[in-house]
There are 2 protein chains.
Amino acid sequence: MSSLMQIGELSERAGVSHRTIHYYERLGLLRPAEREGAGYRYYDDVALRRLEKIAALKRLGLNLDEIAAVLDLYFVDATGIRGKEKVIEILKAQLARADTQLHELTVFKRDLEDNIARMERLIAEARRG
Amino acid sequence: MSSLMQIGELSERAGVSHRTIHYYERLGLLRPAEREGAGYRYYDDVALRRLEKIAALKRLGLNLDEIAAVLDLYFVDATGIRGKEKVIEILKAQLARADTQLHELTVFKRDLEDNIARMERLIAEARRG
DNA sequence: TCTAAATCTACACCCAACGTAAGGTTTAGA
DNA sequence: TCTAAACCTTACGTTGGGTGTAGATTTAGA
């Protein structure tokens with residue numbers, strides 16, 4: 001029994017506001033599994049996973065347009081995707097960016113650790129004398 | 001002869017508009033080495049390196065406030081920095097975020113590679129038959 | 001000395017990604 | 001049946017990170 005939920009529950013479980021959900025719907029990122037009668041939106045668990053994926057991709061620095069371009073790869077059968085060459089282009093560009101970002105992030109992390117050590121040493125010295 | 005440059009040259013070398021430089025100055029991220037007579041700004045090479053650092057930190061997902069909070073660690077003597085405990089707090093928070101981001105980025109990269117391979121396989125199959 | 005190019009300040013505007021508020025409708029449960 | 005909570009649409013507001021433009025001033029170089 002894959003029970004459906006309303007926008008309030010989805011919003012709570014996903015940790016985003018219902019306005020954000022409306023907004024994503026307008027951008028084509030997400031749509032309710034069902035819209036009965038007078039317009040209430042009803043969502044299944046896939047919607048929740050889509051929202052979580054969107055959040056993860058946002059944390060990686062993709063904007064909502066870029067997310068729209070790849071999101072379906074995680075949720076629909078790839079055989080049906082049109083314009084596969086174009087999708088590959090996008091994916092490869094993102095892969096290159098991810099590589100760069102990984103490298104920069106590694107350096108940044110090392111810098112952070114160095115700086116923390118340095119600050120802690122300075123504080124210890126200040127305390128001693 | 002550490003010759004100074006005007007905003008136009010700095011902007012060109014750093015790959016940002018002069019308007020952006022003005023904007024960063026207002027936020028306290030950057031200031032000219034010198035402002036002679038009637039107000040023209042003159043910059044040294046440190047300004048260029050600051051701009052490059054800002055760009056790098058932006059690519060990592062820091063906003064300009066966060067960048068302002070750590071930027072000086074790269075350019076001034078740490079002994080003179082006030083509120084070291086607070087700085088450490090910020091640095092540690094960023095370190096935690098960097099760790100998360102590194103992990104997510106690694107997963108994302110693997111997903112991308114999988115998706116690319118899948119798409120290329122599908123295209124090859126389509127060509128064959 | 002003179003003029004074209006560079007720069008100055010100040011205000012307005014832009015886009016993404018939402019948030020707030022109003023006013024009306026629907027639904028669940030007592 | 002009735003009412004409070006949840007939802008709907010529409011429209012305007014906000015924030016971050018800038019960009020555009022105007023009109024005045026300054027500077028570099030012929």
# chains A, B, ... in the order shown; residues from 1 in each chain; ligands from 1
$ calpha_fit_and_write --fixed "chain B" --moving "chain A" --output "mmCIF file with C-alpha atoms, in the first residue's frame"
data_model
loop_
_atom_site.group_PDB
_atom_site.id
_atom_site.type_symbol
_atom_site.label_atom_id
_atom_site.label_comp_id
_atom_site.auth_asym_id
_atom_site.auth_seq_id
_atom_site.Cartn_x
_atom_site.Cartn_y
_atom_site.Cartn_z
ATOM 1 C CA MET A 1 59.589 47.419 -8.732
ATOM 2 C CA SER A 2 56.202 46.191 -7.695
ATOM 3 C CA SER A 3 54.330 48.386 -10.117
ATOM 4 C CA LEU A 4 50.743 49.145 -9.350
ATOM 5 C CA MET A 5 47.905 48.624 -11.752
ATOM 6 C CA GLN A 6 44.583 50.286 -12.320
ATOM 7 C CA ILE A 7 41.238 48.659 -11.897
ATOM 8 C CA GLY A 8 40.950 47.881 -15.604
ATOM 9 C CA GLU A 9 44.083 45.797 -15.686
ATOM 10 C CA LEU A 10 43.245 44.056 -12.440
ATOM 11 C CA SER A 11 39.783 43.274 -13.689
ATOM 12 C CA GLU A 12 41.153 41.837 -16.901
ATOM 13 C CA ARG A 13 43.827 39.751 -15.238
ATOM 14 C CA ALA A 14 41.457 38.404 -12.619
ATOM 15 C CA GLY A 15 38.678 37.742 -15.074
ATOM 16 C CA VAL A 16 36.055 39.709 -13.212
ATOM 17 C CA SER A 17 34.355 42.970 -14.070
ATOM 18 C CA HIS A 18 35.380 46.242 -12.478
ATOM 19 C CA ARG A 19 31.893 46.446 -11.026
ATOM 20 C CA THR A 20 32.561 43.208 -9.219
ATOM 21 C CA ILE A 21 35.729 44.712 -7.814
ATOM 22 C CA HIS A 22 33.832 47.768 -6.634
ATOM 23 C CA TYR A 23 31.249 45.491 -5.107
ATOM 24 C CA TYR A 24 33.842 43.413 -3.277
ATOM 25 C CA GLU A 25 35.389 46.589 -1.975
ATOM 26 C CA ARG A 26 32.078 47.679 -0.502
ATOM 27 C CA LEU A 27 31.829 44.321 1.227
ATOM 28 C CA GLY A 28 35.310 44.713 2.627
ATOM 29 C CA LEU A 29 36.848 41.844 0.685
ATOM 30 C CA LEU A 30 39.410 43.888 -1.149
ATOM 31 C CA ARG A 31 40.842 47.353 -1.180
ATOM 32 C CA PRO A 32 43.286 49.212 -3.354
ATOM 33 C CA ALA A 33 46.876 49.499 -2.180
ATOM 34 C CA GLU A 34 46.630 53.178 -2.849
ATOM 35 C CA ARG A 35 44.134 55.857 -3.806
ATOM 36 C CA GLU A 36 45.948 58.880 -4.927
ATOM 37 C CA GLY A 37 44.675 62.355 -5.503
ATOM 38 C CA ALA A 38 41.385 62.325 -7.236
ATOM 39 C CA GLY A 39 40.271 58.818 -6.469
ATOM 40 C CA TYR A 40 41.698 56.366 -8.973
ATOM 41 C CA ARG A 41 42.312 52.972 -7.395
ATOM 42 C CA TYR A 42 45.750 51.383 -7.692
ATOM 43 C CA TYR A 43 46.306 47.732 -6.894
ATOM 44 C CA ASP A 44 49.288 45.499 -6.297
ATOM 45 C CA ASP A 45 49.648 41.792 -7.033
ATOM 46 C CA VAL A 46 48.240 40.806 -3.679
ATOM 47 C CA ALA A 47 44.898 42.122 -4.864
ATOM 48 C CA LEU A 48 45.070 39.776 -7.819
ATOM 49 C CA ARG A 49 45.792 36.833 -5.585
ATOM 50 C CA ARG A 50 42.934 37.831 -3.315
ATOM 51 C CA LEU A 51 40.565 37.865 -6.262
ATOM 52 C CA GLU A 52 41.753 34.452 -7.365
ATOM 53 C CA LYS A 53 41.281 33.114 -3.875
ATOM 54 C CA ILE A 54 37.798 34.569 -3.720
ATOM 55 C CA ALA A 55 36.939 32.862 -6.987
ATOM 56 C CA ALA A 56 38.278 29.548 -5.730
ATOM 57 C CA LEU A 57 36.280 29.771 -2.513
ATOM 58 C CA LYS A 58 33.179 30.702 -4.459
ATOM 59 C CA ARG A 59 33.574 27.598 -6.588
ATOM 60 C CA LEU A 60 33.564 25.603 -3.369
ATOM 61 C CA GLY A 61 30.185 27.043 -2.538
ATOM 62 C CA LEU A 62 31.073 29.658 0.059
ATOM 63 C CA ASN A 63 29.109 32.880 -0.138
ATOM 64 C CA LEU A 64 30.776 36.259 0.119
ATOM 65 C CA ASP A 65 30.147 36.586 3.835
ATOM 66 C CA GLU A 66 31.826 33.282 4.533
ATOM 67 C CA ILE A 67 34.689 34.198 2.283
ATOM 68 C CA ALA A 68 35.145 37.444 4.152
ATOM 69 C CA ALA A 69 35.390 35.433 7.349
ATOM 70 C CA VAL A 70 38.386 33.369 6.230
ATOM 71 C CA LEU A 71 40.066 35.309 3.476
ATOM 72 C CA ASP A 72 42.497 37.155 5.702
ATOM 73 C CA LEU A 73 43.881 33.892 6.984
ATOM 74 C CA TYR A 74 45.550 33.549 3.619
ATOM 75 C CA PHE A 75 46.982 37.029 3.525
ATOM 76 C CA VAL A 76 47.724 38.431 6.945
ATOM 77 C CA ASP A 77 49.841 37.317 9.843
ATOM 78 C CA ALA A 78 47.665 35.101 12.026
ATOM 79 C CA THR A 79 49.226 36.341 15.255
ATOM 80 C CA GLY A 80 47.360 39.583 14.791
ATOM 81 C CA ILE A 81 43.951 38.096 14.272
ATOM 82 C CA ARG A 82 41.462 38.879 16.992
ATOM 83 C CA GLY A 83 38.811 36.448 18.124
ATOM 84 C CA LYS A 84 40.803 33.366 17.274
ATOM 85 C CA GLU A 85 38.352 31.024 18.971
ATOM 86 C CA LYS A 86 35.591 32.301 16.782
ATOM 87 C CA VAL A 87 37.726 31.894 13.696
ATOM 88 C CA ILE A 88 38.474 28.322 14.711
ATOM 89 C CA GLU A 89 34.768 27.685 15.074
ATOM 90 C CA ILE A 90 34.142 28.926 11.568
ATOM 91 C CA LEU A 91 37.025 26.926 10.170
ATOM 92 C CA LYS A 92 35.888 23.732 11.834
ATOM 93 C CA ALA A 93 32.357 24.173 10.567
ATOM 94 C CA GLN A 94 33.706 24.632 7.071
ATOM 95 C CA LEU A 95 35.928 21.609 7.469
ATOM 96 C CA ALA A 96 32.934 19.478 8.353
ATOM 97 C CA ARG A 97 31.069 20.802 5.354
ATOM 98 C CA ALA A 98 34.057 20.169 3.143
ATOM 99 C CA ASP A 99 34.181 16.557 4.315
ATOM 100 C CA THR A 100 30.533 16.034 3.545
ATOM 101 C CA GLN A 101 30.929 17.709 0.220
ATOM 102 C CA LEU A 102 33.945 15.609 -0.650
ATOM 103 C CA HIS A 103 31.996 12.476 0.030
ATOM 104 C CA GLU A 104 28.946 13.566 -1.910
ATOM 105 C CA LEU A 105 31.100 14.721 -4.756
ATOM 106 C CA THR A 106 32.823 11.372 -4.962
ATOM 107 C CA VAL A 107 29.507 9.578 -5.121
ATOM 108 C CA PHE A 108 28.221 12.054 -7.674
ATOM 109 C CA LYS A 109 31.253 11.530 -9.827
ATOM 110 C CA ARG A 110 30.791 7.782 -9.783
ATOM 111 C CA ASP A 111 27.145 8.225 -10.704
ATOM 112 C CA LEU A 112 28.126 10.471 -13.557
ATOM 113 C CA GLU A 113 30.582 7.937 -14.872
ATOM 114 C CA ASP A 114 27.997 5.184 -14.632
ATOM 115 C CA ASN A 115 25.429 7.285 -16.423
ATOM 116 C CA ILE A 116 27.835 8.219 -19.174
ATOM 117 C CA ALA A 117 28.757 4.590 -19.725
ATOM 118 C CA ARG A 118 25.115 3.622 -19.790
ATOM 119 C CA MET A 119 24.195 6.310 -22.285
ATOM 120 C CA GLU A 120 27.083 5.435 -24.537
ATOM 121 C CA ARG A 121 26.123 1.807 -24.476
ATOM 122 C CA LEU A 122 22.541 2.683 -25.389
ATOM 123 C CA ILE A 123 23.692 4.827 -28.263
ATOM 124 C CA ALA A 124 25.971 2.086 -29.564
ATOM 125 C CA GLU A 125 23.133 -0.385 -29.419
ATOM 126 C CA ALA A 126 20.810 1.978 -31.220
ATOM 127 C CA ARG A 127 23.358 2.439 -34.010
ATOM 128 C CA ARG A 128 23.801 -1.281 -34.449
ATOM 129 C CA GLY A 129 20.194 -2.050 -34.696
#
$ closest_atom_pairs --of "chain D" --to "chain A" --cutoff "12 Å" --atoms "only C-alpha atoms (C1' of nucleotides)" --output "Markdown table"
| residue | atom | partner | partner_atom | distance |
| --- | --- | --- | --- | --- |
| D:DA5 | C1' | A:Gly8 | CA | 11.3 |
| D:DA6 | C1' | A:Gly8 | CA | 7.8 |
| D:DC7 | C1' | A:Tyr40 | CA | 6.5 |
| D:DC8 | C1' | A:Gly39 | CA | 7.0 |
| D:DT9 | C1' | A:Gly39 | CA | 10.4 |
$ write_last_selection --atoms "C-alpha atoms (C1' of nucleotides)" --output "PDB file, in the first residue's frame"
ATOM      1  C1'  DA D   5      -6.657  22.785   9.560  1.00  0.00           C
ATOM      2  C1'  DA D   6      -4.744  22.089   5.236  1.00  0.00           C
ATOM      3  C1'  DC D   7      -4.661  23.405   0.815  1.00  0.00           C
ATOM      4  C1'  DC D   8      -5.325  26.279  -3.484  1.00  0.00           C
ATOM      5  C1'  DT D   9      -3.934  30.367  -6.743  1.00  0.00           C
TER       6       DT D   9
END
$ closest_atom_pairs --of "chain C" --to "chain B" --cutoff "8 Å" --atoms "only C-alpha atoms (C1' of nucleotides)" --output "Markdown table"
| residue | atom | partner | partner_atom | distance |
| --- | --- | --- | --- | --- |
| C:DA6 | C1' | B:Gly8 | CA | 7.9 |
| C:DT7 | C1' | B:Tyr40 | CA | 6.4 |
| C:DC8 | C1' | B:Gly39 | CA | 7.0 |
$ select_by_dssp --residues "chain A" --states "strand (DSSP E)" --output "ChimeraX atom specification"
/A:5-6,34-35,41-43
$ residues_around --residues "DA21 of chain C" --least-positions-apart "3" --cutoff "10 Å" --atoms "only C-alpha atoms (C1' of nucleotides)" --output "NGL selection string"
:D and (11-13)
$ residues_around --residues "DT3 of chain D" --least-positions-apart "2" --cutoff "12 Å" --atoms "only C-alpha atoms (C1' of nucleotides)" --output "list of chain:residue names"
C:DT27, C:DA28, C:DG29, C:DA30, D:DT1, D:DA5
$ residues_around --residues "DC13 of chain C" --least-positions-apart "3" --cutoff "10 Å" --atoms "only C-alpha atoms (C1' of nucleotides)" --output "PyMOL selection string"
chain D and resi 19-21
$ write_last_selection --atoms "N, CA and C atoms (P, O5', C5', C4', C3', O3' and C1' of nucleotides)" --output "mmCIF file, in the first residue's frame"
data_model
loop_
_atom_site.group_PDB
_atom_site.id
_atom_site.type_symbol
_atom_site.label_atom_id
_atom_site.label_comp_id
_atom_site.auth_asym_id
_atom_site.auth_seq_id
_atom_site.Cartn_x
_atom_site.Cartn_y
_atom_site.Cartn_z
ATOM 1 P P DT D 19 29.079 41.131 -12.750
ATOM 2 O "O5'" DT D 19 27.796 41.915 -13.299
ATOM 3 C "C5'" DT D 19 26.794 41.209 -14.006
ATOM 4 C "C4'" DT D 19 25.849 42.223 -14.655
ATOM 5 C "C3'" DT D 19 26.539 43.202 -15.611
ATOM 6 O "O3'" DT D 19 25.683 43.346 -16.746
ATOM 7 C "C1'" DT D 19 25.372 44.398 -13.969
ATOM 8 P P DG D 20 26.213 44.186 -18.011
ATOM 9 O "O5'" DG D 20 25.059 45.237 -18.278
ATOM 10 C "C5'" DG D 20 24.151 45.606 -17.242
ATOM 11 C "C4'" DG D 20 23.384 46.842 -17.685
ATOM 12 C "C3'" DG D 20 24.093 47.692 -18.741
ATOM 13 O "O3'" DG D 20 23.099 48.337 -19.534
ATOM 14 C "C1'" DG D 20 24.027 48.861 -16.659
ATOM 15 P P DT D 21 23.482 49.333 -20.704
ATOM 16 O "O5'" DT D 21 23.401 50.744 -19.959
ATOM 17 C "C5'" DT D 21 22.280 51.026 -19.129
ATOM 18 C "C4'" DT D 21 22.385 52.432 -18.573
ATOM 19 C "C3'" DT D 21 23.140 53.419 -19.459
ATOM 20 O "O3'" DT D 21 22.399 54.630 -19.517
ATOM 21 C "C1'" DT D 21 24.055 53.446 -17.288
#
